[in-house]
>>> print(open('my_file.cif').read())   # mmCIF, C-alpha atoms and all ligand atoms
data_target
loop_
_atom_site.label_atom_id
_atom_site.label_comp_id
_atom_site.auth_asym_id
_atom_site.auth_seq_id
_atom_site.Cartn_x
_atom_site.Cartn_y
_atom_site.Cartn_z
CA MET A 27 -25.90 71.93 3.18
CA PRO A 28 -29.36 73.57 3.19
CA LEU A 29 -31.84 72.44 0.54
CA LEU A 30 -32.68 76.06 -0.29
CA ALA A 31 -30.65 79.20 0.34
CA LEU A 32 -31.54 82.75 -0.61
CA HIS A 33 -28.65 85.20 -0.53
CA SER A 34 -29.73 88.87 -0.28
CA VAL A 35 -32.46 88.59 -2.91
CA SER A 36 -34.22 91.79 -3.95
CA LYS A 37 -37.07 92.58 -6.30
CA SER A 38 -38.64 95.90 -7.28
CA TYR A 39 -41.72 96.71 -9.33
CA GLY A 40 -41.14 100.28 -10.55
CA ALA A 41 -40.28 102.36 -7.51
CA LEU A 42 -41.71 99.76 -5.11
CA LYS A 43 -39.10 97.52 -3.45
CA VAL A 44 -41.18 94.41 -2.79
CA THR A 45 -38.32 92.14 -1.67
CA ASP A 46 -35.51 93.93 0.13
CA SER A 47 -32.31 91.95 0.51
CA ILE A 48 -33.81 88.80 2.03
CA SER A 49 -31.53 85.95 3.07
CA LEU A 50 -32.85 82.66 4.38
CA SER A 51 -32.07 78.99 4.30
CA VAL A 52 -34.16 75.86 4.72
CA GLN A 53 -32.75 72.51 5.78
CA LYS A 54 -33.85 69.19 4.30
CA GLY A 55 -37.01 67.92 6.02
CA GLU A 56 -37.71 71.25 7.71
CA THR A 57 -41.02 73.16 7.51
CA LEU A 58 -40.60 76.93 7.43
CA GLY A 59 -43.69 79.06 8.03
CA ILE A 60 -43.87 82.52 6.45
CA LEU A 61 -45.96 85.24 8.06
CA GLY A 62 -46.51 88.89 7.28
CA PRO A 63 -49.21 91.50 6.73
CA ASN A 64 -51.05 91.74 3.40
CA GLY A 65 -48.79 93.11 0.69
CA ALA A 66 -45.61 92.42 2.71
CA GLY A 67 -44.06 90.54 -0.23
CA LYS A 68 -44.64 86.89 0.72
CA THR A 69 -45.98 85.65 -2.63
CA THR A 70 -43.29 87.63 -4.43
CA LEU A 71 -40.69 85.77 -2.38
CA PHE A 72 -42.23 82.47 -3.58
CA ASN A 73 -42.10 83.75 -7.15
CA LEU A 74 -38.39 84.44 -6.75
CA ILE A 75 -37.81 80.94 -5.32
CA SER A 76 -39.86 79.13 -8.00
CA GLY A 77 -38.62 81.31 -10.85
CA ASP A 78 -42.03 82.82 -11.70
CA ALA A 79 -40.29 86.18 -11.20
CA SER A 80 -36.62 86.98 -11.62
CA VAL A 81 -34.52 88.67 -8.95
CA ASN A 82 -33.01 92.12 -9.48
CA ALA A 83 -30.16 91.25 -7.13
CA GLY A 84 -29.04 88.30 -5.05
CA ARG A 85 -28.79 84.56 -5.55
CA VAL A 86 -31.06 81.53 -5.19
CA GLU A 87 -29.36 78.19 -4.44
CA TYR A 88 -31.16 74.86 -4.48
CA ASN A 89 -29.38 71.67 -3.47
CA GLY A 90 -26.09 73.52 -3.76
CA GLU A 91 -26.78 74.64 -7.34
CA ASP A 92 -27.16 78.28 -8.36
CA VAL A 93 -30.67 78.30 -9.90
CA THR A 94 -31.07 82.09 -10.02
CA ALA A 95 -31.28 82.13 -13.83
CA LEU A 96 -33.16 78.83 -14.21
CA PRO A 97 -36.73 79.03 -15.62
CA PRO A 98 -39.64 77.76 -13.45
CA HIS A 99 -40.20 74.47 -15.31
CA LEU A 100 -36.58 73.44 -14.78
CA ARG A 101 -36.74 74.35 -11.08
CA CYS A 102 -39.85 72.15 -10.92
CA ARG A 103 -37.95 69.29 -12.60
CA ARG A 104 -35.26 69.65 -9.94
CA GLY A 105 -37.88 69.08 -7.24
CA MET A 106 -39.57 72.39 -6.43
CA GLY A 107 -43.36 72.05 -6.40
CA ARG A 108 -45.65 74.96 -5.61
CA SER A 109 -49.26 75.86 -5.11
CA TYR A 110 -50.73 79.24 -6.04
CA GLN A 111 -52.84 81.46 -3.80
CA VAL A 112 -55.48 81.61 -6.53
CA PRO A 113 -55.83 77.98 -7.72
CA GLN A 114 -54.54 77.55 -11.27
CA PRO A 115 -55.94 74.23 -12.59
CA PHE A 116 -56.69 73.51 -16.25
CA GLY A 117 -60.42 74.10 -15.74
CA ASN A 118 -61.69 72.11 -18.72
CA MET A 119 -59.58 69.07 -17.94
CA SER A 120 -60.61 66.50 -15.34
CA VAL A 121 -58.97 66.36 -11.93
CA PHE A 122 -57.20 63.15 -12.99
CA GLU A 123 -55.92 64.73 -16.21
CA ASN A 124 -54.62 67.73 -14.24
CA LEU A 125 -52.58 65.37 -12.05
CA VAL A 126 -51.26 63.31 -14.99
CA THR A 127 -50.17 66.58 -16.64
CA ALA A 128 -48.37 67.69 -13.46
CA ALA A 129 -46.58 64.34 -13.11
CA CYS A 130 -45.58 64.23 -16.82
CA PHE A 131 -44.53 67.81 -17.44
CA GLY A 132 -43.61 68.95 -13.93
CA GLY A 133 -42.22 65.65 -12.67
CA GLY A 134 -40.75 64.36 -15.94
CA GLN A 135 -42.54 61.00 -15.67
CA THR A 136 -43.66 58.81 -18.55
CA GLU A 137 -47.41 58.82 -19.16
CA ARG A 138 -47.74 55.29 -17.73
CA ALA A 139 -45.91 56.22 -14.52
CA ALA A 140 -47.87 59.49 -14.34
CA TRP A 141 -51.16 57.55 -14.26
CA ASP A 142 -49.95 55.62 -11.20
CA THR A 143 -48.78 58.83 -9.54
CA ALA A 144 -52.15 60.49 -10.24
CA VAL A 145 -54.04 57.59 -8.64
CA GLN A 146 -51.78 57.65 -5.60
CA VAL A 147 -52.13 61.44 -5.16
CA LEU A 148 -55.93 61.25 -5.61
CA ASP A 149 -56.00 58.75 -2.79
CA GLN A 150 -53.62 60.73 -0.61
CA THR A 151 -55.53 64.02 -0.93
CA GLY A 152 -59.08 62.63 -0.72
CA LEU A 153 -59.87 63.67 -4.30
CA MET A 154 -60.72 60.20 -5.64
CA PRO A 155 -64.50 60.90 -5.81
CA GLN A 156 -63.74 64.00 -7.93
CA ALA A 157 -61.29 62.26 -10.28
CA ASN A 158 -63.42 62.53 -13.43
CA LYS A 159 -64.98 65.93 -12.79
CA PRO A 160 -63.79 69.01 -14.70
CA ALA A 161 -61.38 70.88 -12.41
CA GLY A 162 -63.30 74.11 -13.07
CA SER A 163 -66.44 72.66 -11.43
CA LEU A 164 -64.88 71.96 -8.02
CA THR A 165 -65.82 73.63 -4.73
CA LEU A 166 -63.30 75.91 -3.02
CA LEU A 167 -62.13 73.14 -0.68
CA ASN A 168 -61.59 70.72 -3.54
CA ARG A 169 -59.88 73.36 -5.69
CA LYS A 170 -57.47 73.92 -2.81
CA ARG A 171 -56.97 70.17 -2.47
CA LEU A 172 -56.28 69.98 -6.20
CA GLU A 173 -53.75 72.80 -5.93
CA LEU A 174 -51.87 70.78 -3.30
CA ALA A 175 -52.36 67.55 -5.28
CA ARG A 176 -50.94 69.06 -8.49
CA ALA A 177 -47.83 70.18 -6.61
CA LEU A 178 -47.49 66.70 -5.02
CA ALA A 179 -47.87 64.98 -8.41
CA THR A 180 -44.64 66.65 -9.58
CA GLY A 181 -42.82 64.62 -6.88
CA PRO A 182 -41.45 67.60 -4.94
CA GLN A 183 -38.50 67.57 -2.61
CA LEU A 184 -39.39 71.18 -1.70
CA LEU A 185 -43.08 72.06 -1.48
CA LEU A 186 -44.06 75.76 -1.56
CA LEU A 187 -47.59 76.32 -0.23
CA ASP A 188 -49.26 79.71 -0.65
CA GLU A 189 -52.21 80.25 1.72
CA ILE A 190 -53.92 76.91 1.23
CA ALA A 191 -55.88 77.07 4.52
CA GLY A 192 -57.61 80.42 3.90
CA GLY A 193 -61.41 80.13 3.52
CA LEU A 194 -61.60 76.60 4.93
CA THR A 195 -63.87 75.67 7.84
CA GLU A 196 -62.28 74.68 11.14
CA HIS A 197 -62.82 70.99 10.36
CA GLU A 198 -61.40 71.31 6.83
CA ALA A 199 -58.34 73.20 8.13
CA HIS A 200 -57.80 70.40 10.65
CA GLU A 201 -57.90 67.78 7.86
CA LEU A 202 -55.43 69.85 5.85
CA VAL A 203 -53.04 70.06 8.81
CA GLU A 204 -53.14 66.26 9.21
CA GLU A 205 -52.39 65.86 5.51
CA LEU A 206 -49.44 68.26 5.71
CA GLN A 207 -48.11 66.46 8.79
CA ARG A 208 -48.14 63.21 6.79
CA ILE A 209 -46.33 64.88 3.89
CA LYS A 210 -43.77 66.31 6.31
CA ALA A 211 -43.26 62.88 7.92
CA SER A 212 -42.52 61.46 4.46
CA GLY A 213 -39.44 63.73 4.36
CA VAL A 214 -40.68 66.54 2.08
CA THR A 215 -39.28 69.99 2.93
CA MET A 216 -41.95 72.69 3.05
CA ILE A 217 -42.28 76.46 3.05
CA TRP A 218 -45.80 77.54 3.91
CA ILE A 219 -47.19 81.08 3.66
CA GLU A 220 -50.30 81.17 5.81
CA HIS A 221 -52.52 83.68 7.61
CA VAL A 222 -54.33 80.89 9.51
CA VAL A 223 -51.74 81.00 12.26
CA HIS A 224 -52.95 78.10 14.42
CA ALA A 225 -52.79 75.79 11.38
CA LEU A 226 -49.30 77.00 10.52
CA LEU A 227 -48.09 76.53 14.09
CA SER A 228 -49.25 72.89 14.02
CA VAL A 229 -46.76 72.09 11.26
CA ALA A 230 -43.97 74.70 11.16
CA ASP A 231 -40.58 74.06 12.79
CA ARG A 232 -39.49 77.65 12.32
CA LEU A 233 -41.10 80.97 11.36
CA PHE A 234 -39.90 83.81 9.15
CA VAL A 235 -41.79 87.10 9.31
CA ILE A 236 -41.72 89.66 6.49
CA ASN A 237 -42.79 93.30 6.67
CA PHE A 238 -42.39 95.79 3.79
CA GLY A 239 -40.25 93.27 1.92
CA GLN A 240 -37.74 92.90 4.75
CA LYS A 241 -37.12 90.27 7.37
CA LEU A 242 -38.80 91.31 10.62
CA ALA A 243 -38.11 88.18 12.68
CA GLU A 244 -36.99 84.57 12.33
CA GLY A 245 -36.77 81.71 14.78
CA LYS A 246 -38.64 79.14 16.81
CA PRO A 247 -42.42 79.58 16.50
CA HIS A 248 -42.93 80.28 20.20
CA ASP A 249 -40.20 82.92 20.31
CA VAL A 250 -41.36 84.63 17.10
CA MET A 251 -45.01 84.76 18.17
CA ASN A 252 -43.95 86.33 21.47
CA ASP A 253 -41.73 88.93 19.82
CA PRO A 254 -43.28 92.34 20.67
CA GLU A 255 -42.44 93.76 17.24
CA VAL A 256 -44.16 90.82 15.51
CA GLN A 257 -47.19 91.23 17.74
CA ARG A 258 -47.36 94.95 16.98
CA VAL A 259 -46.89 94.69 13.21
CA TYR A 260 -48.62 91.46 12.39
CA MET A 261 -51.27 91.00 14.99
CA GLY A 262 -52.04 94.67 15.56
CA MET A 263 -51.37 94.32 19.29
CA GLU A 264 -49.89 97.21 21.20
CA VAL A 265 -47.55 95.82 23.84
N1 LIG A 301 -46.20 91.81 -10.87
C1 LIG A 301 -46.34 92.86 -10.05
N2 LIG A 301 -46.33 94.12 -10.55
C2 LIG A 301 -46.44 95.19 -9.72
N3 LIG A 301 -46.58 95.10 -8.38
C3 LIG A 301 -46.60 93.88 -7.84
C4 LIG A 301 -46.48 92.69 -8.64
N4 LIG A 301 -46.53 91.61 -7.81
C5 LIG A 301 -46.67 92.10 -6.56
N5 LIG A 301 -46.73 93.45 -6.59
C6 LIG A 301 -46.86 94.33 -5.40
O1 LIG A 301 -45.92 93.91 -4.46
C7 LIG A 301 -46.43 94.00 -3.13
C8 LIG A 301 -46.29 92.66 -2.45
O2 LIG A 301 -47.19 91.73 -3.07
P1 LIG A 301 -47.23 90.19 -2.62
O3 LIG A 301 -48.35 89.56 -3.39
O4 LIG A 301 -45.89 89.60 -2.73
O5 LIG A 301 -47.64 90.34 -1.08
P2 LIG A 301 -48.15 89.24 -0.05
O6 LIG A 301 -47.35 89.44 1.19
O7 LIG A 301 -48.13 87.90 -0.67
O8 LIG A 301 -49.65 89.72 0.20
P3 LIG A 301 -50.99 88.88 0.59
O9 LIG A 301 -50.84 88.43 2.01
O10 LIG A 301 -52.06 89.91 0.45
O11 LIG A 301 -51.12 87.76 -0.40
C9 LIG A 301 -47.86 94.50 -3.27
O12 LIG A 301 -47.85 95.91 -3.08
C10 LIG A 301 -48.20 94.16 -4.70
O13 LIG A 301 -49.18 95.03 -5.21
#
>>> encode(input="my_file.cif", output="structure tokens", more="lines below")
Ligand SMILES: Nc1ncnc2c1ncn2[C@@H]1O[C@H](COP(=O)(O)OP(=O)(O)OP(=O)(O)O)[C@@H](O)[C@H]1O
Amino acid sequence: MPLLALHSVSKSYGALKVTDSISLSVQKGETLGILGPNGAGKTTLFNLISGDASVNAGRVEYNGEDVTALPPHLRCRRGMGRSYQVPQPFGNMSVFENLVTAACFGGGQTERAAWDTAVQVLDQTGLMPQANKPAGSLTLLNRKRLELARALATGPQLLLLDEIAGGLTEHEAHELVEELQRIKASGVTMIWIEHVVHALLSVADRLFVINFGQKLAEGKPHDVMNDPEVQRVYMGMEV
């Protein structure tokens, strides 16, 4: 049984069909990379998975349960953690407090257990030196780290990552990839939307390409990247 299965999910905003009958499934432990041009509907797809937006048609199944009508906080409690493209920390709270909040309210932990989780995630993500700083004062790199850390603090089984490598230097992107490889090795299932293709290819087992809200291609990374239609649409290459 897949951990996540989307069955013909669709979403429109007014006359604009942003998600057009997309079906996909993700197996436990797998990392699925999502690619597509700007505005293709990638973040919207995440919103439909996490419950931040509701589907107009179709079904979302998680661990065999129909979660289509479940609100986001209950999907989080069932093990879906996500990061946002624009980091969403509580800016006036410290980094540590942000992580305790994620572990308590997203992960359903007691405050005592949440403290331990926060310390462990600070260590894991290299944020320990920033622990007592207000989240709103962090640099871009550390805000991105915190976005990942907050999702990890909820104890996810499925981690949804929305463009966390964008804007990082080559060295920083390399560190991020190593971190994601460790998370993957710990058994966490991931779906990663990313324009930094070489970073994505270092972690993804499979790729799914979206264009105008529809599936354009899906398969092994090497095959998808060599697909002439993907090269034409996504990489602007005439073949
Ligand atoms: N809440 C909304 N109301 C109206 N239109 C929306 C809403 N959310 C997304 N859209 C539109 O849906 C389309 C897809 O947006 P989405 O953010 O899902 O694309 P994306 O593939 O993630 O793009 P990017 O790579 O630039 O982040 C865009 O045209 C966007 O303007």
>>> residues_around(input="my_file.cif", residues="Met216 of chain A", least_positions_apart="6", cutoff="6 Å", atoms="all atoms listed in the file", output="count of residues only")
4
>>> residues_near_ligand(input="my_file.cif", ligand="ligand LIG 301 (chain A)", cutoff="7 Å", atoms="all atoms listed in the file", output="list in words")
Tyr39, Val44, Gly62, Pro63, Asn64, Gly65, Ala66, Gly67, Lys68, Thr69, Thr70 and Leu71 of chain A
>>> closest_residue(input="my_file.cif", among="A:Gln146, A:Ser120, A:Gln207, A:Ser36", to="Val81 of chain A", atoms="only C-alpha atoms")
A:Ser36
>>> closest_residue(input="my_file.cif", among="A:Cys102, A:Met119, A:Arg108, A:Asp78", to="Ser163 of chain A", atoms="all atoms listed in the file")
A:Met119
>>> residues_around(input="my_file.cif", residues="segment 89-98 of chain A", least_positions_apart="3", cutoff="12 Å", atoms="all atoms listed in the file", output="MDAnalysis selection string")
chainID A and resid 27:36 51:54 72:86 101:108 131:132 183:184 215
>>> residues_around(input="my_file.cif", residues="Phe234 of chain A", least_positions_apart="3", cutoff="9 Å", atoms="only C-alpha atoms", output="PyMOL selection string")
chain A and resi 50+58-62+241-245+247+250
>>> residues_around(input="my_file.cif", residues="Gln135 of chain A", least_positions_apart="6", cutoff="12 Å", atoms="all atoms listed in the file", output="VMD selection string")
chain A and resid 103 125 to 129 141 to 144 179 to 181
